file query_14.txt (compact mmCIF, C-alpha atoms)
# COMPACT_ATOMS: atom_id res chain seq x y z
CA MET H 1 12.02 -76.52 -4.62
CA VAL H 2 9.75 -73.55 -4.16
CA LEU H 3 12.51 -71.14 -5.22
CA GLU H 4 13.12 -73.09 -8.37
CA MET H 5 9.42 -72.87 -9.23
CA LEU H 6 9.28 -69.15 -8.59
CA ASN H 7 12.39 -68.27 -10.59
CA PRO H 8 10.90 -68.92 -14.05
CA MET H 9 7.77 -66.98 -13.09
CA HIS H 10 9.94 -64.07 -11.96
CA TYR H 11 11.75 -63.93 -15.27
CA ASN H 12 8.48 -64.15 -17.20
CA ILE H 13 6.95 -61.21 -15.32
CA THR H 14 10.00 -58.99 -15.75
CA SER H 15 10.05 -59.75 -19.43
CA MET H 16 6.43 -58.60 -19.69
CA VAL H 17 6.97 -55.24 -17.90
CA PRO H 18 8.79 -53.41 -20.73
CA GLU H 19 6.02 -54.42 -23.17
CA ALA H 20 3.23 -53.19 -20.86
CA MET H 21 4.96 -49.96 -19.79
CA PRO H 22 4.30 -47.83 -22.90
CA ALA H 23 0.61 -48.70 -22.94
CA ALA H 24 0.18 -47.89 -19.24
CA THR H 25 2.44 -44.83 -19.18
CA MET H 26 0.84 -42.83 -22.00
CA PRO H 27 -2.64 -42.51 -20.42
CA ILE H 28 -1.04 -41.55 -17.10
CA LEU H 29 1.11 -38.88 -18.74
CA LEU H 30 -1.86 -37.55 -20.70
CA LEU H 31 -4.04 -37.37 -17.57
CA THR H 32 -1.22 -35.68 -15.62
CA GLY H 33 -0.68 -33.13 -18.39
CA LEU H 34 -4.43 -32.44 -18.59
CA PHE H 35 -4.60 -32.02 -14.82
CA LEU H 36 -1.67 -29.58 -14.82
CA LEU H 37 -3.17 -27.66 -17.73
CA VAL H 38 -6.52 -27.28 -15.95
CA TRP H 39 -4.78 -26.31 -12.70
CA ASN H 40 -2.70 -23.71 -14.48
CA TYR H 41 -5.73 -22.44 -16.42
CA GLU H 42 -7.74 -21.95 -13.21
CA GLY H 43 -4.96 -19.79 -11.84
CA THR H 44 -5.03 -17.43 -14.82
CA SER H 45 -7.00 -14.20 -15.07
CA SER H 46 -8.30 -11.91 -17.80
CA ILE H 47 -6.51 -9.04 -16.02
CA PRO H 48 -2.91 -8.53 -17.26
CA GLY H 49 -0.19 -9.78 -14.94
CA PRO H 50 2.45 -12.48 -14.41
CA GLY H 51 1.43 -16.06 -15.15
CA TYR H 52 0.47 -18.59 -12.48
CA CYS H 53 2.90 -21.28 -13.74
CA LEU H 54 1.90 -24.03 -11.31
CA GLY H 55 2.30 -21.76 -8.29
CA ILE H 56 5.74 -20.48 -9.23
CA GLY H 57 4.29 -17.15 -10.44
CA PRO H 58 2.86 -16.15 -7.03
CA LEU H 59 6.16 -17.02 -5.33
CA ILE H 60 8.17 -14.90 -7.77
CA SER H 61 5.64 -12.08 -7.56
CA HIS H 62 5.74 -11.92 -3.76
CA GLY H 63 9.51 -12.33 -3.75
CA ARG H 64 9.90 -9.38 -6.12
CA PHE H 65 7.90 -7.14 -3.76
CA LEU H 66 10.02 -8.23 -0.79
CA TRP H 67 13.25 -7.73 -2.72
CA MET H 68 12.52 -4.50 -4.63
CA GLY H 69 10.10 -2.85 -2.23
CA ILE H 70 6.46 -2.03 -2.96
CA GLY H 71 7.07 1.19 -4.90
CA SER H 72 9.83 -0.16 -7.14
CA ALA H 73 7.99 -3.43 -7.77
CA CYS H 74 4.80 -1.56 -8.70
CA ASN H 75 6.79 0.59 -11.14
CA TYR H 76 8.29 -2.56 -12.65
CA TYR H 77 4.91 -4.22 -13.19
CA ASN H 78 3.48 -0.93 -14.52
CA ARG H 79 6.15 -0.88 -17.21
CA VAL H 80 5.54 -4.52 -18.14
CA TYR H 81 1.73 -4.82 -17.90
CA GLY H 82 0.29 -1.30 -17.88
CA GLU H 83 -1.78 0.80 -15.47
CA PHE H 84 -4.03 -2.00 -14.20
CA MET H 85 -2.65 -5.43 -13.39
CA ARG H 86 -2.89 -8.47 -11.13
CA VAL H 87 -0.07 -9.84 -9.00
CA TRP H 88 0.18 -12.08 -5.94
CA ILE H 89 1.19 -10.83 -2.50
CA SER H 90 1.31 -13.31 0.41
CA GLY H 91 -0.41 -15.85 -1.84
CA GLU H 92 -3.44 -13.61 -2.52
CA GLU H 93 -4.36 -12.02 -5.82
CA THR H 94 -3.74 -8.29 -5.54
CA LEU H 95 -4.63 -5.56 -8.02
CA ILE H 96 -2.16 -2.75 -8.71
CA ILE H 97 -3.91 0.37 -9.97
CA SER H 98 -1.95 3.40 -11.14
CA LYS H 99 -4.73 5.04 -13.12
CA SER H 100 -6.06 8.15 -11.38
CA SER H 101 -9.63 7.69 -12.64
CA SER H 102 -9.75 4.16 -11.20
CA MET H 103 -8.52 5.38 -7.82
CA PHE H 104 -11.10 8.16 -7.93
CA HIS H 105 -13.79 5.51 -8.53
CA ILE H 106 -12.59 3.36 -5.62
CA MET H 107 -12.41 6.25 -3.16
CA LYS H 108 -15.98 7.31 -4.02
CA HIS H 109 -17.64 3.89 -3.60
CA ASN H 110 -18.23 2.09 -0.34
CA HIS H 111 -17.96 -1.55 -1.49
CA TYR H 112 -14.15 -1.50 -1.61
CA SER H 113 -12.77 -2.33 1.83
CA SER H 114 -10.09 -5.03 1.75
CA ARG H 115 -6.44 -3.95 1.53
CA PHE H 116 -3.29 -6.03 1.81
CA GLY H 117 -0.70 -5.63 4.51
CA SER H 118 0.94 -7.57 7.33
CA LYS H 119 -0.82 -7.00 10.66
CA LEU H 120 2.49 -6.65 12.50
CA GLY H 121 3.82 -4.36 9.75
CA LEU H 122 0.73 -2.15 9.93
CA GLN H 123 1.00 -2.05 13.72
CA CYS H 124 4.66 -1.02 13.52
CA ILE H 125 3.89 1.94 11.24
CA GLY H 126 0.79 2.88 13.25
CA MET H 127 -1.73 2.01 10.52
CA HIS H 128 -3.41 -1.19 11.74
CA GLU H 129 -7.16 -0.43 11.61
CA LYS H 130 -6.20 3.27 11.78
CA GLY H 131 -4.90 4.05 8.32
CA ILE H 132 -7.01 5.56 5.58
CA ILE H 133 -5.98 3.41 2.64
CA PHE H 134 -4.36 0.35 4.25
CA ASN H 135 -7.21 -0.39 6.62
CA ASN H 136 -9.14 -3.66 6.84
CA ASN H 137 -11.67 -2.23 9.28
CA PRO H 138 -14.85 -1.70 7.19
CA ASP H 139 -16.68 0.10 10.02
CA LEU H 140 -13.94 2.71 10.34
CA TRP H 141 -13.77 3.08 6.55
CA LYS H 142 -17.53 3.72 6.39
CA THR H 143 -17.10 6.44 9.03
CA THR H 144 -14.25 8.26 7.29
CA ARG H 145 -15.33 7.71 3.68
CA PRO H 146 -17.92 10.55 3.57
CA PHE H 147 -15.22 13.11 4.36
CA PHE H 148 -13.15 11.90 1.41
CA MET H 149 -16.19 11.87 -0.85
CA LYS H 150 -16.81 15.48 0.09
CA ALA H 151 -13.15 16.37 -0.54
CA LEU H 152 -13.27 14.71 -3.98
CA SER H 153 -16.37 16.51 -5.20
CA GLY H 154 -18.13 19.87 -5.25
CA PRO H 155 -16.58 22.97 -3.65
CA GLY H 156 -13.89 20.89 -1.94
CA LEU H 157 -12.55 19.66 -5.28
CA VAL H 158 -12.61 23.17 -6.77
CA ARG H 159 -10.75 24.57 -3.78
CA MET H 160 -8.19 21.76 -3.95
CA VAL H 161 -7.38 22.58 -7.59
CA THR H 162 -6.95 26.25 -6.70
CA VAL H 163 -4.71 25.47 -3.72
CA CYS H 164 -2.57 23.09 -5.81
CA ALA H 165 -2.07 25.71 -8.52
CA GLU H 166 -1.13 28.41 -6.01
CA SER H 167 1.26 26.09 -4.16
CA LEU H 168 2.99 25.01 -7.37
CA LYS H 169 3.47 28.63 -8.45
CA THR H 170 4.89 29.56 -5.03
CA HIS H 171 7.38 26.70 -5.05
CA LEU H 172 8.47 27.39 -8.63
CA ASP H 173 9.31 30.93 -7.52
CA ARG H 174 11.58 29.37 -4.84
CA LEU H 175 13.18 26.82 -7.11
CA GLU H 176 16.66 27.52 -5.76
CA GLU H 177 15.69 25.71 -2.55
CA VAL H 178 15.57 22.39 -4.42
CA THR H 179 18.44 23.04 -6.86
CA ASN H 180 21.80 21.36 -6.23
CA GLU H 181 25.28 22.78 -6.77
CA SER H 182 25.38 21.46 -10.35
CA GLY H 183 22.24 23.41 -11.24
CA TYR H 184 19.92 20.41 -11.42
CA VAL H 185 16.44 20.61 -9.87
CA ASP H 186 15.46 17.82 -7.49
CA VAL H 187 12.01 17.31 -9.00
CA LEU H 188 11.00 14.62 -6.50
CA THR H 189 11.72 16.89 -3.53
CA LEU H 190 9.89 19.74 -5.29
CA LEU H 191 6.79 17.58 -5.75
CA ARG H 192 6.97 16.38 -2.15
CA ARG H 193 7.08 19.98 -0.92
CA VAL H 194 4.15 20.95 -3.12
CA MET H 195 2.16 17.96 -1.87
CA LEU H 196 2.97 18.76 1.77
CA ASP H 197 2.07 22.42 1.36
CA THR H 198 -1.18 21.57 -0.45
CA SER H 199 -2.16 19.01 2.21
CA ASN H 200 -1.38 21.47 4.97
CA MET H 201 -3.47 24.22 3.38
CA LEU H 202 -6.41 21.86 2.93
CA PHE H 203 -6.17 19.94 6.21
CA LEU H 204 -4.48 21.94 8.97
CA ARG H 205 -3.32 25.41 7.82
CA ILE H 206 -0.50 25.46 10.38
CA PRO H 207 2.94 27.05 9.70
CA LEU H 208 5.58 24.32 9.38
CA ASP H 209 9.17 23.66 8.37
CA GLU H 210 8.73 22.03 4.96
CA SER H 211 12.28 20.79 4.49
CA ALA H 212 12.40 19.08 7.91
CA ILE H 213 8.98 17.43 7.61
CA VAL H 214 9.59 16.26 4.02
CA VAL H 215 12.63 14.33 5.28
CA LYS H 216 10.51 12.76 8.05
CA ILE H 217 7.78 11.85 5.59
CA GLN H 218 10.30 10.19 3.30
CA GLY H 219 11.68 8.21 6.24
CA TYR H 220 8.15 7.14 7.14
CA PHE H 221 7.39 5.90 3.62
CA ASP H 222 10.70 4.06 3.50
CA ALA H 223 9.51 2.26 6.64
CA TRP H 224 6.08 1.70 5.11
CA GLN H 225 7.60 0.14 2.00
CA ALA H 226 9.99 -2.04 4.00
CA LEU H 227 7.55 -3.31 6.63
CA LEU H 228 4.13 -3.53 5.04
CA ILE H 229 4.38 -7.09 3.65
CA LYS H 230 7.23 -8.53 5.68
CA PRO H 231 6.54 -12.02 7.15
CA ASP H 232 5.82 -12.22 10.88
CA ILE H 233 9.22 -13.78 11.61
CA PHE H 234 10.87 -10.51 10.51
CA PHE H 235 9.38 -8.77 13.57
CA LYS H 236 10.87 -11.33 15.94
CA ILE H 237 14.30 -9.72 15.40
CA SER H 238 14.12 -6.18 16.74
CA TRP H 239 17.33 -4.84 15.18
CA LEU H 240 15.95 -5.51 11.69
CA TYR H 241 13.11 -3.01 12.06
CA LYS H 242 14.44 -0.68 14.79
CA LYS H 243 15.52 2.08 12.37
CA TYR H 244 12.13 1.99 10.67
CA GLU H 245 10.38 2.20 14.02
CA LYS H 246 12.37 5.36 14.78
CA SER H 247 11.39 6.93 11.43
CA VAL H 248 7.73 6.28 12.20
CA LYS H 249 8.07 7.83 15.66
CA ASP H 250 9.83 10.93 14.28
CA LEU H 251 6.97 11.70 11.90
CA LYS H 252 4.34 10.87 14.51
CA ASP H 253 5.93 13.31 16.98
CA ALA H 254 6.07 16.05 14.33
CA ILE H 255 2.39 15.52 13.41
CA GLU H 256 1.36 15.57 17.08
CA VAL H 257 3.00 18.98 17.46
CA LEU H 258 1.02 20.30 14.48
CA ILE H 259 -2.25 18.82 15.76
CA ALA H 260 -1.66 20.30 19.21
CA GLU H 261 -1.15 23.71 17.58
CA LYS H 262 -4.35 23.20 15.55
CA ARG H 263 -6.31 22.39 18.69
CA ARG H 264 -4.87 25.45 20.43
CA ARG H 265 -5.93 27.71 17.56
CA ILE H 266 -9.42 26.26 17.48
CA SER H 267 -9.81 26.73 21.21
CA THR H 268 -9.00 30.44 20.87
CA GLU H 269 -11.29 31.13 17.90
CA GLU H 270 -14.38 33.23 18.52
CA LYS H 271 -16.34 31.34 15.84
CA LEU H 272 -15.59 27.73 15.00
CA GLU H 273 -17.01 28.16 11.47
CA GLU H 274 -14.14 30.51 10.60
CA CYS H 275 -11.51 27.77 10.93
CA MET H 276 -13.39 24.86 9.35
CA ASP H 277 -11.31 22.59 7.12
CA PHE H 278 -10.85 18.88 6.42
CA ALA H 279 -9.19 18.09 9.76
CA THR H 280 -11.71 20.15 11.73
CA GLU H 281 -14.65 18.38 10.07
CA ALA H 282 -13.10 14.89 10.36
CA CYS H 283 -12.45 15.41 14.08
CA GLY H 284 -15.53 17.60 14.54
CA THR H 285 -16.82 15.99 17.72
CA SER H 286 -13.64 16.24 19.80
CA LEU H 287 -12.63 19.62 18.36
CA SER H 288 -16.07 21.11 18.98
CA TRP H 289 -15.95 19.78 22.52
CA THR H 290 -12.53 21.40 23.03
CA TRP H 291 -13.79 24.69 21.62
CA SER H 292 -16.99 24.69 23.71
CA CYS H 293 -15.04 23.97 26.89
CA ALA H 294 -12.70 26.85 26.15
CA LYS H 295 -15.60 29.19 25.29
CA PRO H 296 -18.30 28.67 27.93
call {"tool": "encode", "arguments": {"input": "query_14.txt", "output": "structure tokens"}}
result
Amino acid sequence: MVLEMLNPMHYNITSMVPEAMPAATMPILLLTGLFLLVWNYEGTSSIPGPGYCLGIGPLISHGRFLWMGIGSACNYYNRVYGEFMRVWISGEETLIISKSSSMFHIMKHNHYSSRFGSKLGLQCIGMHEKGIIFNNNPDLWKTTRPFFMKALSGPGLVRMVTVCAESLKTHLDRLEEVTNESGYVDVLTLLRRVMLDTSNMLFLRIPLDESAIVVKIQGYFDAWQALLIKPDIFFKISWLYKKYEKSVKDLKDAIEVLIAEKRRRISTEEKLEECMDFATEACGTSLSWTWSCAKP
């Protein structure tokens, strides 16, 4: 009896649903579209870069960096969006700056301190709270920043320009060292050698084997590019990053040899002022202590 009474009611309700659906669906769809539009709008920025696209943009952006590597991905976004752009790395908005004047501005001002990078990746390449650029330790940055400000201005800047010009001329005179059998010049290796020579003349002034150290530096930056933004799970599998760890150790060992030679030279100098340079000033306390102990 009850079922017979309910059956007509059931058919009446179902017959009403199709008529009510359009009226109820349209406001819902409009509200959903408005919500998605606002959400997408909030994720946009006046700085050029890939779109937010409901969160898909950040995933693609981060995936491109993991797939292509930091250097190649930066070059790609430079070509598409210009010298100053915004991307997402690990879900955070990140600015890519390839304009030299902008980098000069950042290095000279003390209110820029946050850099991206996986903690485990930075630890693996020996940069966690130790690196100059990729360093999220504001206290350490405030300590080292004055030395870079000095190097980027005044007599230090003038000397750097002179050293760069002299180094470039010297290496152009030895162009056969970076020329292959077909007669083509390896411009990238040439620039790396010039950069290494210039840095050495400004920082350490120690004789070194350019060709050997350039290879070690390249291995180090390959490791830097591969490890810097890898997820933590990557470092749970040792064989994935073992070769990069070796590249980092090779460069570290080579640098330690140069620093040891620098310390030895300082300890044998009659006057510390005669061997002052960037490295001596940056490590002034320990180097002065070494020199004073050697020269009582």
call {"tool": "residues_around", "arguments": {"input": "query_14.txt", "residues": "H:Glu83", "least_positions_apart": "5", "cutoff": "8 Å", "atoms": "all atoms listed in the file", "output": "list in words"}}
result
Asn78, Ile96, Ile97, Ser98 and Lys99 of chain H
call {"tool": "atom_distance", "arguments": {"input": "query_14.txt", "atom1": "atom CA of H:Val248", "atom2": "atom CA of H:Gly69"}}
result
17.2 Å
call {"tool": "closest_residue", "arguments": {"input": "query_14.txt", "among": "H:Leu172, H:Tyr241, H:Lys252, H:Leu208", "to": "H:Met127", "atoms": "all atoms listed in the file"}}
result
H:Lys252
call {"tool": "atom_distance", "arguments": {"input": "query_14.txt", "atom1": "atom CA of H:Met103", "atom2": "atom CA of H:Met160"}}
result
16.8 Å
call {"tool": "closest_residue", "arguments": {"input": "query_14.txt", "among": "H:Ile89, H:Cys164, H:Leu240, H:Ile206", "to": "H:Leu59", "atoms": "only C-alpha atoms"}}
result
H:Ile89
call {"tool": "closest_residue", "arguments": {"input": "query_14.txt", "among": "H:Ile125, H:Leu202, H:Ala254, H:Ile106", "to": "H:Phe221", "atoms": "all atoms listed in the file"}}
result
H:Ile125
call {"tool": "residues_around", "arguments": {"input": "query_14.txt", "residues": "H:Glu261", "least_positions_apart": "5", "cutoff": "10 Å", "atoms": "all atoms listed in the file", "output": "VMD selection string"}}
result
chain H and resid 204 206 to 207 255 to 256 266 to 267
call {"tool": "closest_residue", "arguments": {"input": "query_14.txt", "among": "H:Ser100, H:Gly219, H:Gln225, H:Ile56", "to": "H:Cys74", "atoms": "all atoms listed in the file"}}
result
H:Gln225
call {"tool": "atom_distance", "arguments": {"input": "query_14.txt", "atom1": "atom CA of H:Phe104", "atom2": "atom CA of H:Leu190"}}
result
24.1 Å
call {"tool": "axis_aligned_box", "arguments": {"input": "query_14.txt", "around": "stretch 136-148 of chain H", "padding_each_side": "5 Å", "output": "AutoDock Vina command-line options"}}
result
--center_x -13.5 --center_y 4.7 --center_z 5.9 --size_x 18.8 --size_y 26.8 --size_z 18.9
call {"tool": "closest_residue", "arguments": {"input": "query_14.txt", "among": "H:Gly71, H:Gly154, H:Gly121, H:Gly126", "to": "H:Lys236", "atoms": "all atoms listed in the file"}}
result
H:Gly121
call {"tool": "residues_near_point", "arguments": {"input": "query_14.txt", "point": "(-1.8, 22.8, 2.8)", "cutoff": "12 Å", "atoms": "only C-alpha atoms", "output": "PyMOL selection string"}}
result
chain H and resi 159-168+192-208+210+277-279
call {"tool": "closest_residue", "arguments": {"input": "query_14.txt", "among": "H:Lys243, H:Lys216, H:Arg86, H:Lys249", "to": "H:Ser46", "atoms": "all atoms listed in the file"}}
result
H:Arg86
call {"tool": "build_atoms", "arguments": {"input": "query_14.txt", "residues": "stretch 235-263 of chain H", "atoms": "N, CA and C atoms", "output": "compact mmCIF listing (two decimals), keeping the file's coordinate frame"}}
result
# COMPACT_ATOMS: atom_id res chain seq x y z
N PHE H 235 9.59 -9.62 12.39
CA PHE H 235 9.38 -8.77 13.57
C PHE H 235 9.80 -9.44 14.88
N LYS H 236 10.32 -10.66 14.76
CA LYS H 236 10.87 -11.33 15.94
C LYS H 236 12.29 -10.85 16.23
N ILE H 237 12.92 -10.20 15.25
CA ILE H 237 14.30 -9.72 15.40
C ILE H 237 14.27 -8.20 15.42
N SER H 238 14.37 -7.62 16.59
CA SER H 238 14.12 -6.18 16.74
C SER H 238 15.09 -5.30 15.96
N TRP H 239 16.37 -5.71 15.84
CA TRP H 239 17.33 -4.84 15.18
C TRP H 239 17.06 -4.70 13.69
N LEU H 240 16.27 -5.61 13.11
CA LEU H 240 15.95 -5.51 11.69
C LEU H 240 15.00 -4.35 11.39
N TYR H 241 14.10 -4.06 12.33
CA TYR H 241 13.11 -3.01 12.06
C TYR H 241 13.23 -1.80 12.98
N LYS H 242 14.29 -1.77 13.82
CA LYS H 242 14.44 -0.68 14.79
C LYS H 242 14.55 0.68 14.12
N LYS H 243 15.34 0.79 13.04
CA LYS H 243 15.52 2.08 12.37
C LYS H 243 14.21 2.56 11.75
N TYR H 244 13.41 1.61 11.25
CA TYR H 244 12.13 1.99 10.67
C TYR H 244 11.17 2.46 11.75
N GLU H 245 11.23 1.81 12.89
CA GLU H 245 10.38 2.20 14.02
C GLU H 245 10.68 3.63 14.46
N LYS H 246 11.97 4.01 14.43
CA LYS H 246 12.37 5.36 14.78
C LYS H 246 11.85 6.38 13.77
N SER H 247 11.90 6.04 12.47
CA SER H 247 11.39 6.93 11.43
C SER H 247 9.90 7.18 11.61
N VAL H 248 9.16 6.14 11.96
CA VAL H 248 7.73 6.28 12.20
C VAL H 248 7.47 7.20 13.39
N LYS H 249 8.24 7.01 14.47
CA LYS H 249 8.07 7.83 15.66
C LYS H 249 8.41 9.30 15.40
N ASP H 250 9.45 9.55 14.59
CA ASP H 250 9.83 10.93 14.28
C ASP H 250 8.69 11.67 13.59
N LEU H 251 8.07 11.03 12.60
CA LEU H 251 6.97 11.70 11.90
C LEU H 251 5.75 11.84 12.82
N LYS H 252 5.48 10.82 13.60
CA LYS H 252 4.34 10.87 14.51
C LYS H 252 4.49 12.03 15.50
N ASP H 253 5.69 12.21 16.04
CA ASP H 253 5.93 13.31 16.98
C ASP H 253 5.74 14.66 16.31
N ALA H 254 6.21 14.78 15.06
CA ALA H 254 6.07 16.05 14.33
C ALA H 254 4.60 16.35 14.05
N ILE H 255 3.82 15.33 13.68
CA ILE H 255 2.39 15.52 13.41
C ILE H 255 1.64 15.88 14.69
N GLU H 256 2.02 15.26 15.81
CA GLU H 256 1.36 15.57 17.08
C GLU H 256 1.56 17.02 17.48
N VAL H 257 2.74 17.56 17.18
CA VAL H 257 3.00 18.98 17.46
C VAL H 257 2.07 19.86 16.64
N LEU H 258 1.90 19.52 15.36
CA LEU H 258 1.02 20.30 14.48
C LEU H 258 -0.44 20.20 14.93
N ILE H 259 -0.86 19.00 15.31
CA ILE H 259 -2.25 18.82 15.76
C ILE H 259 -2.50 19.58 17.05
N ALA H 260 -1.52 19.56 17.96
CA ALA H 260 -1.66 20.30 19.21
C ALA H 260 -1.81 21.80 18.92
N GLU H 261 -1.04 22.30 17.96
CA GLU H 261 -1.15 23.71 17.58
C GLU H 261 -2.52 23.98 16.95
N LYS H 262 -3.02 23.05 16.15
CA LYS H 262 -4.35 23.20 15.55
C LYS H 262 -5.42 23.26 16.62
N ARG H 263 -5.33 22.38 17.60
CA ARG H 263 -6.31 22.39 18.69
C ARG H 263 -6.23 23.71 19.47
